[in-house]
Amino acid sequence: MSNQINSVYEAFKKYIDTKIPLTEQQNDRIQSLSIVKKLRKKQYLLQEGDTWKYHAFITKGCLRTYSVDEKGLEHIIYFGIENWWIGDKESLMLNQPSRYNIDAVEDSEVVLFSNSNFELICREVPPFNDMVNAIMQRSFVASQSRIQVAISYTAEEKYLNFLNKYPGFATRIPQSMIASYLGVTPETLSRVRNLSAKK
């Protein structure tokens, strides 16, 4: 089992190595504060009503963050794949029950850090803290861009933008989930895909 855990963490270490230089001691410290979790397809990482207490990095697979409205319809706000972070920042920062679910679209593996351990690493390992700040800035820009697309693009423009930004997603994620993410009906997405294919 420890070999499996090490292989999951190793994927996280490879990601860090592309971002920042770390000493062996720093890496060992980070690993000692990490938790490795494997998720089966459709297994929850977070359920609505629970309070999110972690920072989660995806080393394998695909996860989604979504809410369910009073009619039982799903509204997907985020997909995460390998080398992406996922979680509910609002629930974490305000220490309040989450409005969202996070589950696995595919069999997945994640490296988790409790918030207190994550903050400890940021204090003890300055390059890690710099990396986190850079990720936060990119995340803010991405959120703004997503809002702009949601409020001003046509269904076809949303779909083409999605394909352009996330070229690998279309083959990994069910069309019904892509429709939910884009805020269109599956029928509209099907029509848009047919039109795009003919161009």
# chains A, B, ... in the order shown; residues from 1 in each chain; ligands from 1
call {"tool": "residues_around", "arguments": {"residues": "region 66-73 of chain A", "least_positions_apart": "6", "cutoff": "7 Å", "atoms": "only C-alpha atoms", "output": "JSON, numbers by chain"}}
result
{"A": [99, 100, 101, 102]}
call {"tool": "write_last_selection", "arguments": {"atoms": "C-alpha atoms", "output": "mmCIF file, in the first residue's frame"}}
result
data_model
loop_
_atom_site.group_PDB
_atom_site.id
_atom_site.type_symbol
_atom_site.label_atom_id
_atom_site.label_comp_id
_atom_site.auth_asym_id
_atom_site.auth_seq_id
_atom_site.Cartn_x
_atom_site.Cartn_y
_atom_site.Cartn_z
ATOM 1 C CA ARG A 99 -23.195 24.481 -1.404
ATOM 2 C CA TYR A 100 -21.420 22.076 -3.750
ATOM 3 C CA ASN A 101 -20.633 18.456 -4.421
ATOM 4 C CA ILE A 102 -17.296 17.253 -5.763
#
call {"tool": "residues_around", "arguments": {"residues": "Thr188 (chain A)", "least_positions_apart": "2", "cutoff": "12 Å", "atoms": "only C-alpha atoms", "output": "MDAnalysis selection string"}}
result
chainID A and resid 154:156 158:159 175:176 178:180 182:186 190:195
call {"tool": "atom_distance", "arguments": {"atom1": "CA of Asn115 (chain A)", "atom2": "CA of Ser32 (chain A)"}}
result
14.4 Å
call {"tool": "atom_distance", "arguments": {"atom1": "CA of Ser145 (chain A)", "atom2": "CA of Glu106 (chain A)"}}
result
26.2 Å
call {"tool": "atom_distance", "arguments": {"atom1": "CA of Gly61 (chain A)", "atom2": "CA of Val125 (chain A)"}}
result
27.9 Å
call {"tool": "residues_around", "arguments": {"residues": "Ile147 (chain A)", "least_positions_apart": "5", "cutoff": "12 Å", "atoms": "only C-alpha atoms", "output": "list of chain:residue names"}}
result
A:Ile77, A:Phe140, A:Val141, A:Ala142, A:Ser152, A:Tyr153, A:Lys158, A:Tyr181, A:Leu182, A:Gly183
call {"tool": "write_last_selection", "arguments": {"atoms": "N, CA, C and O atoms", "output": "mmCIF file, in the first residue's frame"}}
result
data_model
loop_
_atom_site.group_PDB
_atom_site.id
_atom_site.type_symbol
_atom_site.label_atom_id
_atom_site.label_comp_id
_atom_site.auth_asym_id
_atom_site.auth_seq_id
_atom_site.Cartn_x
_atom_site.Cartn_y
_atom_site.Cartn_z
ATOM 1 N N ILE A 77 -19.856 23.705 -12.184
ATOM 2 C CA ILE A 77 -19.123 24.971 -12.249
ATOM 3 C C ILE A 77 -17.642 24.770 -12.540
ATOM 4 O O ILE A 77 -16.932 25.718 -12.878
ATOM 5 N N PHE A 140 -8.113 33.365 -10.346
ATOM 6 C CA PHE A 140 -8.985 34.541 -10.358
ATOM 7 C C PHE A 140 -9.249 34.986 -11.793
ATOM 8 O O PHE A 140 -10.388 35.271 -12.177
ATOM 9 N N VAL A 141 -8.190 35.026 -12.607
ATOM 10 C CA VAL A 141 -8.323 35.414 -14.016
ATOM 11 C C VAL A 141 -9.232 34.430 -14.752
ATOM 12 O O VAL A 141 -10.105 34.828 -15.537
ATOM 13 N N ALA A 142 -9.048 33.138 -14.479
ATOM 14 C CA ALA A 142 -9.860 32.102 -15.135
ATOM 15 C C ALA A 142 -11.331 32.243 -14.761
ATOM 16 O O ALA A 142 -12.216 32.070 -15.596
ATOM 17 N N SER A 152 -22.015 36.329 -22.075
ATOM 18 C CA SER A 152 -21.998 37.057 -23.351
ATOM 19 C C SER A 152 -21.847 36.184 -24.599
ATOM 20 O O SER A 152 -21.997 36.686 -25.707
ATOM 21 N N TYR A 153 -21.541 34.888 -24.441
ATOM 22 C CA TYR A 153 -21.341 34.034 -25.606
ATOM 23 C C TYR A 153 -22.613 33.297 -25.990
ATOM 24 O O TYR A 153 -23.427 32.964 -25.143
ATOM 25 N N LYS A 158 -19.786 29.246 -26.809
ATOM 26 C CA LYS A 158 -19.410 28.602 -25.543
ATOM 27 C C LYS A 158 -18.766 27.245 -25.795
ATOM 28 O O LYS A 158 -17.746 26.897 -25.195
ATOM 29 N N TYR A 181 -22.119 22.175 -17.756
ATOM 30 C CA TYR A 181 -21.032 23.139 -17.512
ATOM 31 C C TYR A 181 -21.228 24.407 -18.348
ATOM 32 O O TYR A 181 -20.986 25.521 -17.877
ATOM 33 N N LEU A 182 -21.686 24.222 -19.593
ATOM 34 C CA LEU A 182 -21.871 25.369 -20.489
ATOM 35 C C LEU A 182 -23.181 26.114 -20.231
ATOM 36 O O LEU A 182 -23.397 27.199 -20.766
ATOM 37 N N GLY A 183 -24.057 25.509 -19.430
ATOM 38 C CA GLY A 183 -25.330 26.155 -19.136
ATOM 39 C C GLY A 183 -26.321 26.057 -20.275
ATOM 40 O O GLY A 183 -27.150 26.955 -20.484
#
call {"tool": "closest_residue", "arguments": {"among": "A:Pro21, A:Gly87, A:Pro174, A:Gly49", "to": "Phe128 (chain A)", "atoms": "only C-alpha atoms"}}
result
A:Pro21
call {"tool": "closest_residue", "arguments": {"among": "A:Asp103, A:Ser98, A:Leu39, A:Val110", "to": "Glu10 (chain A)", "atoms": "only C-alpha atoms"}}
result
A:Val110
call {"tool": "closest_residue", "arguments": {"among": "A:Ile135, A:Ala56, A:Leu189, A:Ala11", "to": "Val111 (chain A)", "atoms": "only C-alpha atoms"}}
result
A:Ala56
call {"tool": "closest_residue", "arguments": {"among": "A:Asp88, A:Glu187, A:Glu119, A:Glu109", "to": "Leu46 (chain A)", "atoms": "only C-alpha atoms"}}
result
A:Asp88
call {"tool": "residues_around", "arguments": {"residues": "Lys13 (chain A)", "least_positions_apart": "5", "cutoff": "12 Å", "atoms": "only C-alpha atoms", "output": "ChimeraX atom specification"}}
result
/A:6-8,18-24,26-31,34,57-59,83,111,128
call {"tool": "select_by_dssp", "arguments": {"residues": "region 27-194 of chain A", "states": "helix (DSSP H, G or I)", "output": "number ranges by chain"}}
result
A: 27-32, 89-94, 115-124, 126-152, 155-165, 169-172, 175-182, 186-194
